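Step one of this worksheet: look at the structure below.
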Amino acid sequence: MDITFSPLGDEAIVIEVGYEITKEATNLVRSIMRQLEEAAIDTIVEVIPAFTTVTVFYEVTAQFKFKDIKNLLEKMLVEITESDTVAQRTIEIPVYYGGEYGPDLEFVALHNKLTVEQVIELHSNGTYEVNMIGFAPGFPFIGGMAESIATPRRSTPRLRIPERTVGIAGMQTGVYPIETPGGWQLIGRTPMDLFLPNEEIPSLLQAGDRIVFKPISKAEYDQWEGE
C-alpha cells in the first residue's frame with residue numbers, strides 16, 4: 001500500500017495510507033502512530049489519527065518547514081508495515097438495549113425486517129474494532145458491525161443525545177461519550193463512562209481496540225450506575 005504525504009496549511013502534514021476503510025489501512029494507521037510515539041520528535045506538536053490518515057502538526061521554524069518534516073517522515077516510514085502494530089486491547093462494554101435508552105431499536109429492526117431480539121443478538125455478537133476517535137471527546141467510530149443491521153442516519157438529528165448512548169449509522173456503531181446533538185439511530189445505553197476528563201488520556205477507548213458489547217438487564221444497568 002502506497003503512503004502519500006500532503007500539506008495541510010502551513011503547520012501540518014497529512015499521511016494517507018489509502019482511500020477506503022479497510023483492516024489493512026486501520027493497521028497501518030496504528031503502526032504509524034506507534035512509530036511517531038516512539039520517535040518522540042521535538043518539533044511534532046500533535047498527531048491525530050483517522051480512518052485512513054494520520055495528521056501531524058509540527059512547529060515551523062526557519063530551519064524546519066514542510067519539506068523537512070516530509071523528508072523526515074518518509075525516511076521513518078519507508079519500511080513500515082501493518083504488522084508493526086502493538087497488541088490490541090479487548091474491552092467489554094455492557095449495554096442495556098431498547099426502552100427509554102434505545103428509542104430507535106424497533107426502527108432498526110423494522111428497517112432490516114428483523115425482530116428486536118435478532119437486532120440485539122446481531123449487535124452484541126459482532127467482531128468490532130475502534131477505527132478512530134472523533135466528532136466528540138472520546139467518541140469511538142466502531143467498525144465490524146453486521147451488514148444485516150445497518151441503518152441510515154436519521155433524516156433530522158436530535159438536539160440532545162444523553163451520554164453513553166449506543167447508536168448505529170450506516171455500517172458503523174458507536175457510543176456517545178458526552179451529551180451532544182447527533183443523528184445516529186439509538187439502540188441502547190451503557191453504564192460505562194467512555195469520556196474520562198480527569199485522566200491523562202481522557203478517552204477510555206483508543207483506535208485499534210477490540211470491542212465486545214454485552215447485553216445486560218435494566219436491573220444490572222441500575223446496579224452498575226448505583227455503584
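Chain labels follow the order of the C-alpha cells: the first chain is A, the next B, and so on; residue numbering restarts at 1 in every chain, and ligands are counted from 1 in their shown order.
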Which residues come within 8 Å of range 117-121 of chain A, counting only C-alpha atoms, excluding same-chain residues fewer than 5 positions away, as a list in words?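 The residues satisfying every condition are Tyr97, Leu105, Val108, Ala109, Ile149 and Pro215 of chain A.
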Quick one: DSSP alpha helix (DSSP H) residues in range 29-202 of chain A, as JSON, numbers by chain? {"A": [29, 30, 31, 32, 33, 34, 35, 36, 37, 38, 39, 66, 67, 68, 69, 70, 71, 72, 73, 74, 75, 76, 77, 105, 106, 107, 108, 109, 110, 111, 116, 117, 118, 119, 120, 121, 122, 123, 124]}
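Of the residues under consideration (A:Gly134, A:Pro177, A:Gly99, A:Gly9), A:Gly9 shows the shortest atom-to-atom contact distance to Val56 in chain A when counting only C-alpha atoms.
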Taking 6 positions as the minimum chain separation for residues in the same chain, which residues sit within 12 Å of Ala219 in chain A when counting only C-alpha atoms? Answer as a PyMOL selection string. chain A and resi 95-96+191+225-226
Within 10 Å of Val54 in chain A, counting only C-alpha atoms, which residues qualify if same-chain residues fewer than 4 places away don't, as number ranges by chain? A: 5, 13-17, 28-30, 32-33, 47-50
Would you pick out the contacts of Phe135 in chain A at 12 Å or less, using only C-alpha atoms, so that residues sharing its chain but fewer than 6 positions from it are not included, and give the list as a ChimeraX atom specification? /A:50,141,174-178,180-182
For those residues, write C-alpha atoms to a file as a compact mmCIF listing (two decimals), in the first residue's frame.
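And here's again_8.txt as it stands now:
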```txt
# COMPACT_ATOMS: atom_id res chain seq x y z
CA ALA A 50 -8.39 8.95 11.38
CA PHE A 141 -16.27 5.06 15.39
CA GLY A 174 -20.59 3.87 18.29
CA VAL A 175 -21.19 5.30 21.75
CA TYR A 176 -21.86 8.96 22.57
CA PRO A 177 -19.42 9.64 25.46
CA ILE A 178 -20.95 13.02 26.29
CA THR A 180 -24.42 16.08 22.29
CA PRO A 181 -26.63 16.51 19.24
CA GLY A 182 -26.49 13.66 16.76
```
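Note that the spacing between CA of Phe213 in chain A and CA of Glu20 in chain A amounts to 25.4 Å.
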Report the residues of range 155-224 of chain A whose backbone DSSP state falls under strand (DSSP E), written as a list of chain:residue names. A:Arg158, A:Leu159, A:Arg160, A:Ile161, A:Thr165, A:Val166, A:Gly167, A:Ile168, A:Ala169, A:Gln172, A:Thr173, A:Gly174, A:Val175, A:Tyr176, A:Thr180, A:Pro181, A:Gly182, A:Gln185, A:Leu186, A:Ile187, A:Gly188, A:Arg189, A:Arg210, A:Ile211, A:Val212, A:Phe213, A:Lys214, A:Pro215
For CA of Met76 in chain A and CA of Phe64 in chain A, the interatomic separation in Å (one decimal):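 Computed distance, CA of Met76 in chain A to CA of Phe64 in chain A, equals 16.3 Å.
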Using only C-alpha atoms, which residues sit within 7 Å of Glu179 in chain A once same-chain residues fewer than 5 positions away are excluded, as a PyMOL selection string? chain A and resi 160-163
Suppose we keep C-alpha atoms; can you now write the selection as a PDB file, in the first residue's frame?
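Written out: out_2.pdb:
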```
ATOM      1  CA  ARG A 160     -29.780  16.189  22.634  1.00  0.00           C
ATOM      2  CA  ILE A 161     -28.474  12.645  22.993  1.00  0.00           C
ATOM      3  CA  PRO A 162     -27.604  11.539  26.548  1.00  0.00           C
ATOM      4  CA  GLU A 163     -24.058  10.489  27.321  1.00  0.00           C
TER       5      GLU A 163
END
```
When distances are computed from only C-alpha atoms, which of A:Thr90, A:Thr43, A:Thr4, A:Thr55 shows the smallest separation from Leu204 in chain A?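 Closest to Leu204 in chain A, using only C-alpha atoms: A:Thr90.
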Arg154 in chain A environment, 7 Å, only C-alpha atoms, sequence neighbours closer than 5 positions dropped, as a list in words: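 My list of contacting residues is Gly183, Trp184 and Gln185 of chain A.
Candidate residues A:Ala40, A:Ile93, A:Met192, A:Ile80 were compared for distance to Ser124 in chain A, and the nearest is A:Ile93, using only C-alpha atoms.
Proximity to Ala169 in chain A was assessed for A:Asp104, A:Ala62, A:Tyr221, A:Asp2 counting only C-alpha atoms; the smallest distance is recorded for A:Asp104.
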From the set A:Gln35, A:Ile41, A:Ala150, A:Lys218, which residue has the shortest atom-to-atom contact distance to Glu100 in chain A, counting only C-alpha atoms?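 Closest to Glu100 in chain A of all the choices is A:Lys218.
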